[in-house]
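> Contents of protein33.cif (mmCIF, C-alpha atoms) are below:
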```cif
data_data
loop_
_atom_site.group_PDB
_atom_site.id
_atom_site.type_symbol
_atom_site.label_atom_id
_atom_site.label_comp_id
_atom_site.auth_asym_id
_atom_site.auth_seq_id
_atom_site.Cartn_x
_atom_site.Cartn_y
_atom_site.Cartn_z
ATOM 1 C CA MET A 1 -132.905 -68.362 -1.915
ATOM 2 C CA LYS A 2 -131.508 -71.795 -2.768
ATOM 3 C CA ARG A 3 -127.852 -72.676 -3.278
ATOM 4 C CA TYR A 4 -127.763 -72.270 -7.071
ATOM 5 C CA ASP A 5 -130.281 -69.440 -7.430
ATOM 6 C CA ARG A 6 -127.599 -66.761 -7.613
ATOM 7 C CA LEU A 7 -125.876 -68.636 -10.428
ATOM 8 C CA LYS A 8 -129.195 -68.583 -12.289
ATOM 9 C CA GLU A 9 -129.347 -64.832 -11.683
ATOM 10 C CA ILE A 10 -125.830 -64.453 -13.082
ATOM 11 C CA GLN A 11 -126.705 -66.459 -16.180
ATOM 12 C CA ARG A 12 -129.591 -64.105 -16.937
ATOM 13 C CA LEU A 13 -127.158 -61.175 -17.171
ATOM 14 C CA ASP A 14 -125.026 -60.145 -20.146
ATOM 15 C CA PRO A 15 -121.327 -60.710 -19.357
ATOM 16 C CA GLU A 16 -120.276 -58.109 -21.922
ATOM 17 C CA LYS A 17 -122.460 -55.348 -20.441
ATOM 18 C CA ASP A 18 -123.099 -56.471 -16.855
ATOM 19 C CA PHE A 19 -119.577 -57.672 -16.086
ATOM 20 C CA LEU A 20 -119.199 -55.549 -12.941
ATOM 21 C CA THR A 21 -122.460 -56.869 -11.506
ATOM 22 C CA ILE A 22 -121.520 -60.459 -12.346
ATOM 23 C CA TYR A 23 -117.993 -60.095 -10.974
ATOM 24 C CA ARG A 24 -119.343 -58.529 -7.779
ATOM 25 C CA LEU A 25 -121.929 -61.313 -7.300
ATOM 26 C CA THR A 26 -119.314 -64.013 -7.916
ATOM 27 C CA SER A 27 -116.527 -62.561 -5.781
ATOM 28 C CA THR A 28 -118.528 -61.161 -2.850
ATOM 29 C CA TYR A 29 -121.500 -63.525 -2.593
ATOM 30 C CA GLU A 30 -120.542 -66.863 -4.147
ATOM 31 C CA PHE A 31 -116.801 -67.132 -3.450
ATOM 32 C CA PRO A 32 -115.501 -64.330 -1.183
ATOM 33 C CA TRP A 33 -113.068 -66.563 0.734
ATOM 34 C CA ASP A 34 -111.865 -68.299 -2.408
ATOM 35 C CA PHE A 35 -111.323 -65.055 -4.296
ATOM 36 C CA THR A 36 -109.259 -63.697 -1.414
ATOM 37 C CA ARG A 37 -107.027 -66.762 -1.432
ATOM 38 C CA ALA A 38 -106.806 -66.848 -5.227
ATOM 39 C CA LEU A 39 -105.833 -63.185 -5.528
ATOM 40 C CA GLU A 40 -103.239 -63.621 -2.777
ATOM 41 C CA LEU A 41 -101.772 -66.436 -4.832
ATOM 42 C CA ALA A 42 -102.044 -64.349 -7.999
ATOM 43 C CA LEU A 43 -99.917 -61.545 -6.558
ATOM 44 C CA TYR A 44 -97.527 -64.022 -4.962
ATOM 45 C CA ARG A 45 -96.969 -65.689 -8.358
ATOM 46 C CA THR A 46 -95.720 -62.458 -9.822
ATOM 47 C CA TYR A 47 -92.667 -62.489 -7.539
ATOM 48 C CA ALA A 48 -91.305 -65.440 -9.540
ATOM 49 C CA VAL A 49 -90.748 -63.133 -12.510
ATOM 50 C CA PRO A 50 -87.306 -61.719 -11.574
ATOM 51 C CA SER A 51 -87.962 -58.223 -12.921
ATOM 52 C CA ILE A 52 -91.056 -57.973 -10.701
ATOM 53 C CA GLY A 53 -89.687 -59.721 -7.617
ATOM 54 C CA ARG A 54 -86.439 -57.756 -7.755
ATOM 55 C CA LEU A 55 -88.254 -54.404 -7.950
ATOM 56 C CA LEU A 56 -90.502 -55.308 -5.024
ATOM 57 C CA ALA A 57 -87.413 -56.236 -3.001
ATOM 58 C CA GLU A 58 -85.695 -52.960 -3.881
ATOM 59 C CA THR A 59 -88.648 -50.900 -2.661
ATOM 60 C CA ALA A 60 -88.571 -52.840 0.666
ATOM 61 C CA GLU A 61 -92.325 -52.366 0.940
ATOM 62 C CA LEU A 62 -93.065 -56.085 0.882
ATOM 63 C CA THR A 63 -90.169 -57.015 3.159
ATOM 64 C CA ASP A 64 -90.197 -54.208 5.760
ATOM 65 C CA ARG A 65 -93.876 -53.219 5.777
ATOM 66 C CA THR A 66 -95.516 -56.414 4.618
ATOM 67 C CA GLN A 67 -98.836 -56.125 6.471
ATOM 68 C CA LYS A 68 -99.442 -52.557 5.305
ATOM 69 C CA ARG A 69 -98.626 -53.442 1.718
ATOM 70 C CA TYR A 70 -100.984 -56.419 1.903
ATOM 71 C CA ASP A 71 -103.760 -54.257 3.340
ATOM 72 C CA ASP A 72 -103.320 -51.433 0.842
ATOM 73 C CA THR A 73 -103.227 -53.782 -2.132
ATOM 74 C CA ALA A 74 -106.400 -55.589 -1.113
ATOM 75 C CA LEU A 75 -108.277 -52.407 -0.223
ATOM 76 C CA LEU A 76 -107.348 -50.468 -3.353
ATOM 77 C CA LEU A 77 -108.259 -53.298 -5.704
ATOM 78 C CA ASP A 78 -111.471 -54.112 -3.861
ATOM 79 C CA THR A 79 -112.617 -50.495 -3.741
ATOM 80 C CA VAL A 80 -113.221 -50.678 -7.486
ATOM 81 C CA VAL A 81 -115.196 -53.912 -7.077
ATOM 82 C CA GLU A 82 -117.376 -52.430 -4.347
ATOM 83 C CA HIS A 83 -117.976 -48.958 -5.751
ATOM 84 C CA GLY A 84 -117.427 -49.327 -9.504
ATOM 85 C CA PHE A 85 -115.177 -47.649 -12.047
ATOM 86 C CA GLU A 86 -117.214 -44.454 -12.322
ATOM 87 C CA SER A 87 -117.611 -43.799 -8.593
ATOM 88 C CA GLU A 88 -115.481 -41.238 -6.776
ATOM 89 C CA ASP A 89 -113.937 -43.968 -4.608
ATOM 90 C CA GLY A 90 -113.236 -46.191 -7.605
ATOM 91 C CA ARG A 91 -111.554 -43.386 -9.546
ATOM 92 C CA THR A 92 -109.500 -42.452 -6.486
ATOM 93 C CA ALA A 93 -108.318 -46.051 -6.005
ATOM 94 C CA ILE A 94 -107.225 -46.352 -9.632
ATOM 95 C CA ARG A 95 -105.523 -42.958 -9.459
ATOM 96 C CA ARG A 96 -103.572 -44.038 -6.376
ATOM 97 C CA ILE A 97 -102.438 -47.259 -8.070
ATOM 98 C CA ASN A 98 -101.310 -45.362 -11.151
ATOM 99 C CA GLN A 99 -99.520 -42.678 -9.142
ATOM 100 C CA MET A 100 -97.444 -45.325 -7.402
ATOM 101 C CA HIS A 101 -96.551 -47.194 -10.550
ATOM 102 C CA ARG A 102 -95.513 -44.149 -12.496
ATOM 103 C CA SER A 103 -92.604 -43.868 -10.061
ATOM 104 C CA TYR A 104 -90.967 -46.989 -11.475
ATOM 105 C CA ASP A 105 -89.758 -48.292 -14.794
ATOM 106 C CA ILE A 106 -92.232 -51.189 -15.093
ATOM 107 C CA SER A 107 -92.579 -52.777 -18.492
ATOM 108 C CA ASN A 108 -95.959 -53.135 -20.163
ATOM 109 C CA ASP A 109 -95.316 -56.875 -20.461
ATOM 110 C CA ASP A 110 -94.883 -57.217 -16.689
ATOM 111 C CA MET A 111 -97.983 -55.132 -16.039
ATOM 112 C CA ARG A 112 -100.037 -57.196 -18.457
ATOM 113 C CA TYR A 113 -98.797 -60.414 -16.868
ATOM 114 C CA VAL A 114 -99.885 -59.252 -13.405
ATOM 115 C CA LEU A 115 -103.308 -58.411 -14.831
ATOM 116 C CA CYS A 116 -103.487 -61.931 -16.297
ATOM 117 C CA THR A 117 -102.933 -63.480 -12.869
ATOM 118 C CA PHE A 118 -106.013 -61.661 -11.540
ATOM 119 C CA VAL A 119 -108.141 -63.254 -14.262
ATOM 120 C CA VAL A 120 -106.689 -66.756 -14.388
ATOM 121 C CA MET A 121 -105.841 -67.666 -10.810
ATOM 122 C CA PRO A 122 -109.384 -67.384 -9.369
ATOM 123 C CA LYS A 123 -110.617 -69.827 -12.005
ATOM 124 C CA ARG A 124 -107.816 -72.301 -11.319
ATOM 125 C CA TRP A 125 -108.223 -72.031 -7.541
ATOM 126 C CA ILE A 126 -112.002 -72.452 -7.682
ATOM 127 C CA ASP A 127 -111.730 -75.373 -10.108
ATOM 128 C CA SER A 128 -109.657 -77.138 -7.460
ATOM 129 C CA TYR A 129 -111.124 -75.888 -4.178
ATOM 130 C CA GLY A 130 -114.420 -74.105 -4.826
ATOM 131 C CA TRP A 131 -117.883 -75.449 -3.988
ATOM 132 C CA ARG A 132 -118.742 -75.281 -7.693
ATOM 133 C CA ARG A 133 -116.867 -74.319 -10.837
ATOM 134 C CA LEU A 134 -117.120 -70.913 -12.434
ATOM 135 C CA SER A 135 -119.563 -70.687 -15.324
ATOM 136 C CA ASP A 136 -118.675 -69.418 -18.770
ATOM 137 C CA HIS A 137 -120.680 -66.266 -17.968
ATOM 138 C CA GLU A 138 -118.484 -65.626 -14.942
ATOM 139 C CA LEU A 139 -115.258 -66.207 -16.856
ATOM 140 C CA ARG A 140 -116.321 -63.808 -19.609
ATOM 141 C CA ALA A 141 -117.330 -61.205 -17.034
ATOM 142 C CA CYS A 142 -114.031 -61.589 -15.178
ATOM 143 C CA ALA A 143 -112.081 -61.066 -18.408
ATOM 144 C CA ALA A 144 -114.157 -57.987 -19.293
ATOM 145 C CA TYR A 145 -113.772 -56.538 -15.784
ATOM 146 C CA TYR A 146 -109.986 -56.801 -15.776
ATOM 147 C CA ALA A 147 -109.677 -55.684 -19.388
ATOM 148 C CA LEU A 148 -111.353 -52.435 -18.336
ATOM 149 C CA LEU A 149 -109.226 -52.163 -15.187
ATOM 150 C CA GLY A 150 -106.120 -52.673 -17.322
ATOM 151 C CA LYS A 151 -107.273 -49.931 -19.702
ATOM 152 C CA HIS A 152 -107.654 -47.532 -16.752
ATOM 153 C CA MET A 153 -104.129 -48.496 -15.693
ATOM 154 C CA GLY A 154 -102.722 -47.655 -19.110
ATOM 155 C CA ILE A 155 -101.757 -51.218 -19.997
ATOM 156 C CA LYS A 156 -101.403 -51.903 -23.716
ATOM 157 C CA GLU A 157 -102.318 -54.978 -25.776
ATOM 158 C CA ILE A 158 -104.697 -56.356 -23.152
ATOM 159 C CA PRO A 159 -106.226 -59.803 -23.803
ATOM 160 C CA GLN A 160 -109.941 -59.644 -24.530
ATOM 161 C CA SER A 161 -111.120 -63.113 -23.484
ATOM 162 C CA PHE A 162 -110.410 -65.528 -20.669
ATOM 163 C CA GLU A 163 -108.655 -67.867 -23.083
ATOM 164 C CA GLU A 164 -106.359 -65.068 -24.258
ATOM 165 C CA PHE A 165 -105.566 -64.086 -20.662
ATOM 166 C CA GLU A 166 -104.726 -67.705 -19.872
ATOM 167 C CA ARG A 167 -102.457 -68.148 -22.886
ATOM 168 C CA CYS A 168 -100.675 -64.896 -22.091
ATOM 169 C CA LEU A 169 -100.085 -65.968 -18.476
ATOM 170 C CA ASP A 170 -98.805 -69.448 -19.317
ATOM 171 C CA THR A 171 -96.488 -68.193 -22.053
ATOM 172 C CA TYR A 172 -95.061 -65.434 -19.870
ATOM 173 C CA GLU A 173 -94.377 -67.789 -16.983
ATOM 174 C CA GLU A 174 -92.666 -70.318 -19.252
ATOM 175 C CA GLU A 175 -90.407 -67.603 -20.622
ATOM 176 C CA HIS A 176 -89.734 -65.557 -17.489
ATOM 177 C CA PHE A 177 -90.032 -67.568 -14.257
ATOM 178 C CA GLY A 178 -86.618 -67.804 -12.631
ATOM 179 C CA TRP A 179 -84.468 -67.348 -9.563
ATOM 180 C CA ASP A 180 -83.760 -63.962 -7.994
ATOM 181 C CA GLU A 181 -82.392 -63.440 -4.496
ATOM 182 C CA GLY A 182 -84.519 -60.365 -3.870
ATOM 183 C CA ALA A 183 -87.650 -62.133 -5.064
ATOM 184 C CA ARG A 184 -86.941 -64.971 -2.628
ATOM 185 C CA LYS A 185 -86.779 -62.425 0.219
ATOM 186 C CA VAL A 186 -90.152 -61.027 -0.825
ATOM 187 C CA SER A 187 -91.566 -64.545 -0.978
ATOM 188 C CA ASP A 188 -90.230 -65.405 2.492
ATOM 189 C CA ALA A 189 -91.679 -62.170 3.915
ATOM 190 C CA THR A 190 -95.081 -62.955 2.400
ATOM 191 C CA LEU A 191 -95.113 -66.486 3.823
ATOM 192 C CA ALA A 192 -94.102 -65.082 7.218
ATOM 193 C CA LEU A 193 -96.966 -62.580 7.040
ATOM 194 C CA MET A 194 -99.499 -65.325 6.378
ATOM 195 C CA ALA A 195 -98.120 -67.350 9.280
ATOM 196 C CA SER A 196 -98.377 -64.291 11.561
ATOM 197 C CA TRP A 197 -102.163 -64.313 11.233
ATOM 198 C CA TYR A 198 -102.301 -67.459 13.388
ATOM 199 C CA PRO A 199 -101.072 -68.305 16.909
ATOM 200 C CA GLY A 200 -97.285 -68.581 17.090
ATOM 201 C CA PRO A 201 -97.047 -72.364 17.556
ATOM 202 C CA LEU A 202 -98.974 -72.832 14.296
ATOM 203 C CA ALA A 203 -96.582 -70.746 12.210
ATOM 204 C CA PRO A 204 -94.485 -73.690 10.905
ATOM 205 C CA LEU A 205 -97.665 -75.562 9.968
ATOM 206 C CA VAL A 206 -99.074 -72.538 8.142
ATOM 207 C CA ARG A 207 -95.851 -72.058 6.206
ATOM 208 C CA GLY A 208 -95.790 -75.747 5.304
ATOM 209 C CA ALA A 209 -99.419 -75.647 4.207
ATOM 210 C CA SER A 210 -98.752 -72.579 2.064
ATOM 211 C CA LEU A 211 -95.824 -74.260 0.330
ATOM 212 C CA ALA A 212 -97.957 -77.354 -0.260
ATOM 213 C CA LEU A 213 -100.318 -75.230 -2.365
ATOM 214 C CA LEU A 214 -97.583 -73.983 -4.701
ATOM 215 C CA ASP A 215 -97.033 -75.680 -8.044
ATOM 216 C CA ASP A 216 -93.643 -77.048 -9.028
ATOM 217 C CA ALA A 217 -92.795 -74.088 -11.284
ATOM 218 C CA LEU A 218 -93.131 -71.685 -8.352
ATOM 219 C CA LEU A 219 -91.178 -73.923 -6.009
ATOM 220 C CA ARG A 220 -88.338 -74.153 -8.530
ATOM 221 C CA ALA A 221 -88.271 -70.402 -9.125
ATOM 222 C CA PHE A 222 -87.897 -69.695 -5.389
ATOM 223 C CA ARG A 223 -85.700 -72.769 -4.775
ATOM 224 C CA TYR A 224 -87.976 -74.215 -2.112
ATOM 225 C CA ASP A 225 -87.857 -77.925 -1.366
ATOM 226 C CA THR A 226 -90.795 -79.845 -2.790
ATOM 227 C CA PRO A 227 -93.291 -80.648 -0.004
ATOM 228 C CA ALA A 228 -93.854 -84.287 0.824
ATOM 229 C CA PRO A 229 -96.680 -85.884 -1.188
ATOM 230 C CA ALA A 230 -98.511 -86.666 2.065
ATOM 231 C CA THR A 231 -98.398 -83.000 3.108
ATOM 232 C CA ARG A 232 -99.787 -81.891 -0.229
ATOM 233 C CA ALA A 233 -102.523 -84.507 -0.052
ATOM 234 C CA VAL A 234 -103.600 -83.453 3.457
ATOM 235 C CA VAL A 235 -103.638 -79.712 2.705
ATOM 236 C CA ARG A 236 -105.414 -79.998 -0.618
ATOM 237 C CA GLY A 237 -107.786 -82.612 0.730
ATOM 238 C CA ALA A 238 -108.751 -80.317 3.599
ATOM 239 C CA LEU A 239 -109.606 -77.536 1.149
ATOM 240 C CA ARG A 240 -111.773 -79.890 -0.887
ATOM 241 C CA LEU A 241 -113.590 -80.982 2.270
ATOM 242 C CA ARG A 242 -114.227 -77.335 3.047
ATOM 243 C CA ALA A 243 -115.729 -76.910 -0.422
ATOM 244 C CA ARG A 244 -118.131 -79.796 0.178
ATOM 245 C CA ALA A 245 -119.204 -78.259 3.470
ATOM 246 C CA VAL A 246 -119.750 -74.829 1.884
ATOM 247 C CA ARG A 247 -121.916 -76.425 -0.811
ATOM 248 C CA LEU A 248 -124.308 -77.572 1.903
ATOM 249 C CA LEU A 249 -124.615 -74.124 3.468
ATOM 250 C CA PRO A 250 -127.321 -71.623 2.510
ATOM 251 C CA PRO A 251 -126.126 -68.914 0.092
ATOM 252 C CA ARG A 252 -124.831 -65.637 1.488
ATOM 253 C CA SER A 253 -127.489 -62.978 1.959
ATOM 254 C CA THR A 254 -125.034 -60.050 2.118
ATOM 255 C CA PRO A 255 -121.815 -59.330 0.212
ATOM 256 C CA HIS A 256 -118.402 -59.766 1.790
ATOM 257 C CA TYR A 257 -115.700 -57.307 0.728
ATOM 258 C CA ALA A 258 -111.957 -57.292 1.340
ATOM 259 C CA ARG A 259 -112.291 -54.542 3.979
ATOM 260 C CA GLN A 260 -114.182 -57.104 6.095
ATOM 261 C CA ASN A 261 -111.421 -59.723 5.961
ATOM 262 C CA PRO A 262 -109.738 -60.484 9.301
ATOM 263 C CA GLU A 263 -106.360 -60.438 7.523
ATOM 264 C CA ILE A 264 -106.726 -56.668 7.019
ATOM 265 C CA LYS A 265 -105.198 -55.407 10.261
ATOM 266 C CA GLY A 266 -103.699 -51.984 9.579
ATOM 267 C CA TYR A 267 -106.778 -49.749 9.753
ATOM 268 C CA PRO A 268 -108.770 -50.491 12.920
ATOM 269 C CA ASP A 269 -110.067 -46.894 12.985
ATOM 270 C CA GLY A 270 -110.961 -46.734 9.299
ATOM 271 C CA TYR A 271 -109.220 -45.215 6.301
ATOM 272 C CA THR A 272 -109.676 -42.937 3.323
ATOM 273 C CA VAL A 273 -109.077 -44.379 -0.119
ATOM 274 C CA GLY A 274 -106.949 -41.406 -1.113
ATOM 275 C CA SER A 275 -104.503 -42.068 1.740
ATOM 276 C CA LEU A 276 -103.945 -45.756 0.971
ATOM 277 C CA GLY A 277 -100.625 -46.929 -0.397
ATOM 278 C CA THR A 278 -97.433 -44.913 -0.552
ATOM 279 C CA PHE A 279 -96.472 -41.562 -2.002
ATOM 280 C CA PRO A 280 -93.049 -42.347 -3.434
ATOM 281 C CA THR A 281 -90.535 -40.006 -4.968
ATOM 282 C CA PRO A 282 -89.988 -41.315 -8.512
ATOM 283 C CA GLY A 283 -87.216 -43.881 -8.549
ATOM 284 C CA VAL A 284 -86.880 -44.094 -4.759
ATOM 285 C CA GLY A 285 -89.279 -46.757 -3.503
ATOM 286 C CA GLY A 286 -92.669 -47.781 -2.217
ATOM 287 C CA CYS A 287 -94.939 -49.646 -4.648
ATOM 288 C CA PRO A 288 -97.467 -52.134 -3.243
ATOM 289 C CA VAL A 289 -99.257 -53.352 -6.383
ATOM 290 C CA PRO A 290 -98.549 -53.647 -10.097
ATOM 291 C CA HIS A 291 -99.562 -50.225 -12.301
ATOM 292 C CA THR A 292 -106.762 -41.040 -12.701
ATOM 293 C CA GLU A 293 -106.603 -37.441 -7.352
ATOM 294 C CA SER A 294 -109.258 -36.319 -4.994
ATOM 295 C CA PRO A 295 -109.535 -37.837 -1.503
ATOM 296 C CA ALA A 296 -112.563 -40.026 -0.910
ATOM 297 C CA ALA A 297 -113.574 -41.577 2.355
ATOM 298 C CA THR A 298 -114.473 -45.180 2.869
ATOM 299 C CA GLN A 299 -115.473 -46.894 6.083
ATOM 300 C CA PRO A 300 -114.279 -50.407 7.004
#
```
Can you turn what I pasted into structure tokens?


Amino acid sequence: MKRYDRLKEIQRLDPEKDFLTIYRLTSTYEFPWDFTRALELALYRTYAVPSIGRLLAETAELTDRTQKRYDDTALLLDTVVEHGFESEDGRTAIRRINQMHRSYDISNDDMRYVLCTFVVMPKRWIDSYGWRRLSDHELRACAAYYALLGKHMGIKEIPQSFEEFERCLDTYEEEHFGWDEGARKVSDATLALMASWYPGPLAPLVRGASLALLDDALLRAFRYDTPAPATRAVVRGALRLRARAVRLLPPRSTPHYARQNPEIKGYPDGYTVGSLGTFPTPGVGGCPVPHTESPAATQP
């Protein structure tokens, strides 16, 4: 297989009917590393909406148990990608997400915004740092995939195209991004988690690199100092060099799922999908991801 053969395969599929297949090929074969980074950034962005960041701070899940919340979020969302909406594992993952979110008073607007970040941020990340850009087929499939996920999560008035998802995201951020002390604590805990994945002496560099990837709207919302232009240039330039190197590599022959990521550290002996996440008492605390029960096993 040559470097662009899988893209040709994707373009032979119907993005309205084969969206799961296309999304799986794109996220697990073509851009697994990039999708991981983009979805991390997508969830991180949501903290800048005070109603979301404040709730996450109140639950303490992303400040006191940051690694577990990261692991559970990634594994629950990726279970649906790997196994599909109609599989036992996929249904269990969605049920777990919904059970957690029913414990909190989360507005439909906030839920829809979070869904928009999952659609829009991979495209924006890959446009900047991917080895190629996403095709129109892939964007349509991504929109269809998350529209169905949102339907399973009970979200109302879901956008139906990539362009609608993008407009919804940009409008919501313009109207709602702002400062919140609790959200800043969640942001700091997330940056500290990312730094913890590397040797201790590198932690300040990792934090600085992470801040260099944030846009000005995010930096203002969290009241972080703007990174030096030289720092931004080095970090973003390094990612673009990586993209050039990846373009020269042969295409992946096997898929790469979130459960295989080295950042997932909480389940060295495996896990069951039905035991992921928290089991909160309504109104008390414990939600790892934004908003049908049988245990299903999965192996890492």

> Taking only C-alpha atoms into account, produce a table as a tab-separated table in which each residue of range 106-196 of chain A with an atom at most 10 Å from an atom of range 261-278 of chain A appears once, together with its shortest atom pair and the distance in Å to one decimal, ordered by chain and rising number.


```
residue	atom	partner	partner_atom	distance
A:Leu193	CA	A:Glu263	CA	9.6
A:Met194	CA	A:Glu263	CA	8.5
A:Ser196	CA	A:Glu263	CA	9.7
```

> Keeping only C-alpha atoms, write those residues as an mmCIF file, keeping the file's coordinate frame.


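Contents of again_29.cif, freshly written:
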```cif
data_model
loop_
_atom_site.group_PDB
_atom_site.id
_atom_site.type_symbol
_atom_site.label_atom_id
_atom_site.label_comp_id
_atom_site.auth_asym_id
_atom_site.auth_seq_id
_atom_site.Cartn_x
_atom_site.Cartn_y
_atom_site.Cartn_z
ATOM 1 C CA LEU A 193 -96.966 -62.580 7.040
ATOM 2 C CA MET A 194 -99.499 -65.325 6.378
ATOM 3 C CA SER A 196 -98.377 -64.291 11.561
#
```

> Evaluate the PyMOL selection byres ((chain A and resi 1-13) around 10) here and jot the selected residues down as a list in words.

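Evaluating the PyMOL selection byres ((chain A and resi 1-13) around 10) on these coordinates yields Asp14, Pro15, Glu16, Lys17, Asp18, Phe19, Thr21, Ile22, Tyr23, Leu25, Thr26, Tyr29, Glu30, Arg132, Leu134, Ser135, Asp136, His137, Glu138, Ala141, Val246, Arg247, Leu248, Leu249, Pro250, Pro251, Arg252 and Ser253 of chain A.
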
> For a test of reading the model, state the distance in Å between CA of Arg112 in chain A and CA of Asn98 in chain A, rounded to one decimal.

14.0 Å

> Give the answer as one residue: which of A:Leu76, A:Met121, A:Ile158, A:Ala192 has the shortest atom-to-atom distance to Asp34 in chain A, using only C-alpha atoms?

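The closest residue to Asp34 in chain A is A:Met121.
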
> Closest to Met111 in chain A among A:Met153, A:Leu139, A:Ile94, A:Leu41, using all atoms listed in the file?

A:Met153

> So, with only C-alpha atoms as the atoms that count, which of A:Lys123, A:Lys151, A:Arg45, A:Arg140 lies closest to Ala183 in chain A?

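Looking only at the distances to Ala183 in chain A, the closest residue turns out to be A:Arg45.
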
> Draw an axis-aligned box tight on the listed atoms of range 134-152 of chain A, then pad every side by 4 Å and write out centre and edge lengths in Å to one decimal as AutoDock Vina command-line options.


```
--center_x -113.4 --center_y -59.2 --center_z -16.1 --size_x 22.6 --size_y 31.4 --size_z 15.3
```

> Using all atoms listed in the file for the distances, tell me which of A:Val120, A:Leu218, A:Ile155, A:Leu213 is nearest to Trp179 in chain A.

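Going through A:Val120, A:Leu218, A:Ile155, A:Leu213 one by one, the smallest distance to Trp179 in chain A is for A:Leu218.
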
> Residue by residue, what does the PyMOL selection byres ((chain A and resi 77) around 9) grab here? Present the result as a tab-separated table (two decimals) with C-alpha atoms, in the frame of the given file.


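That gives us part_31.tsv:
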```
chain	number	residue	atom	x	y	z
A	72	ASP	CA	-103.32	-51.43	0.84
A	73	THR	CA	-103.23	-53.78	-2.13
A	74	ALA	CA	-106.40	-55.59	-1.11
A	75	LEU	CA	-108.28	-52.41	-0.22
A	76	LEU	CA	-107.35	-50.47	-3.35
A	78	ASP	CA	-111.47	-54.11	-3.86
A	79	THR	CA	-112.62	-50.50	-3.74
A	80	VAL	CA	-113.22	-50.68	-7.49
A	81	VAL	CA	-115.20	-53.91	-7.08
A	90	GLY	CA	-113.24	-46.19	-7.60
A	93	ALA	CA	-108.32	-46.05	-6.00
A	94	ILE	CA	-107.22	-46.35	-9.63
A	97	ILE	CA	-102.44	-47.26	-8.07
A	258	ALA	CA	-111.96	-57.29	1.34
```

> With all atoms listed in the file as the basis for distance, which of A:Glu157, A:Glu40, A:Asp71, A:Asp89 is at the shortest distance from Asp109 in chain A?

A:Glu157

> To test your reading of the syntax: which residues would the PyMOL selection byres ((chain A and resi 170-172) around 10) return for the file shown? Reply as a JSON list (two decimals) with C-alpha atoms, in the coordinates of the input.


```json
[["chain", "number", "residue", "atom", "x", "y", "z"],
["A", 49, "VAL", "CA", -90.75, -63.13, -12.51],
["A", 109, "ASP", "CA", -95.32, -56.88, -20.46],
["A", 110, "ASP", "CA", -94.88, -57.22, -16.69],
["A", 112, "ARG", "CA", -100.04, -57.20, -18.46],
["A", 113, "TYR", "CA", -98.80, -60.41, -16.87],
["A", 116, "CYS", "CA", -103.49, -61.93, -16.30],
["A", 117, "THR", "CA", -102.93, -63.48, -12.87],
["A", 120, "VAL", "CA", -106.69, -66.76, -14.39],
["A", 165, "PHE", "CA", -105.57, -64.09, -20.66],
["A", 166, "GLU", "CA", -104.73, -67.70, -19.87],
["A", 167, "ARG", "CA", -102.46, -68.15, -22.89],
["A", 168, "CYS", "CA", -100.68, -64.90, -22.09],
["A", 169, "LEU", "CA", -100.08, -65.97, -18.48],
["A", 173, "GLU", "CA", -94.38, -67.79, -16.98],
["A", 174, "GLU", "CA", -92.67, -70.32, -19.25],
["A", 175, "GLU", "CA", -90.41, -67.60, -20.62],
["A", 176, "HIS", "CA", -89.73, -65.56, -17.49],
["A", 177, "PHE", "CA", -90.03, -67.57, -14.26]]
```

> Point out the residue among A:Leu62, A:Cys142, A:Ala228, A:Met100 with the least atom-to-atom distance to Phe279 in chain A, counting only C-alpha atoms.

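Looking at the shortest contact to Phe279 in chain A, the residue is A:Met100.
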
> Have a look at CA of Leu39 in chain A and CA of Arg124 in chain A and let me know their distance in Å, one decimal.

11.0 Å

> For a test of reading the model, state the distance in Å between CA of Arg240 in chain A and CA of Tyr129 in chain A, rounded to one decimal.

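So the two atoms, CA of Arg240 in chain A and CA of Tyr129 in chain A, lie 5.2 Å apart.
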
> From (-109.7, -58.0, -18.4), in the file's coordinates, out to 8 Å: which residues are reached, counting all atoms listed in the file? Answer as a VMD selection string.

chain A and resid 115 to 116 119 142 to 150 158 to 162 165

> Those residues with C-alpha atoms, as a PDB file, keeping the file's coordinate frame please?


```pdb
ATOM      1  CA  LEU A 115    -103.308 -58.411 -14.831  1.00  0.00           C
ATOM      2  CA  CYS A 116    -103.487 -61.931 -16.297  1.00  0.00           C
ATOM      3  CA  VAL A 119    -108.141 -63.254 -14.262  1.00  0.00           C
ATOM      4  CA  CYS A 142    -114.031 -61.589 -15.178  1.00  0.00           C
ATOM      5  CA  ALA A 143    -112.081 -61.066 -18.408  1.00  0.00           C
ATOM      6  CA  ALA A 144    -114.157 -57.987 -19.293  1.00  0.00           C
ATOM      7  CA  TYR A 145    -113.772 -56.538 -15.784  1.00  0.00           C
ATOM      8  CA  TYR A 146    -109.986 -56.801 -15.776  1.00  0.00           C
ATOM      9  CA  ALA A 147    -109.677 -55.684 -19.388  1.00  0.00           C
ATOM     10  CA  LEU A 148    -111.353 -52.435 -18.336  1.00  0.00           C
ATOM     11  CA  LEU A 149    -109.226 -52.163 -15.187  1.00  0.00           C
ATOM     12  CA  GLY A 150    -106.120 -52.673 -17.322  1.00  0.00           C
ATOM     13  CA  ILE A 158    -104.697 -56.356 -23.152  1.00  0.00           C
ATOM     14  CA  PRO A 159    -106.226 -59.803 -23.803  1.00  0.00           C
ATOM     15  CA  GLN A 160    -109.941 -59.644 -24.530  1.00  0.00           C
ATOM     16  CA  SER A 161    -111.120 -63.113 -23.484  1.00  0.00           C
ATOM     17  CA  PHE A 162    -110.410 -65.528 -20.669  1.00  0.00           C
ATOM     18  CA  PHE A 165    -105.566 -64.086 -20.662  1.00  0.00           C
TER      19      PHE A 165
END
```

> Excluding Thr190 in chain A and its own-chain neighbours fewer than 6 positions away, which residues fall within 8 Å of it when counting all atoms listed in the file? Please give them as a list in words.

Tyr44, Leu62, Thr63 and Thr66 of chain A
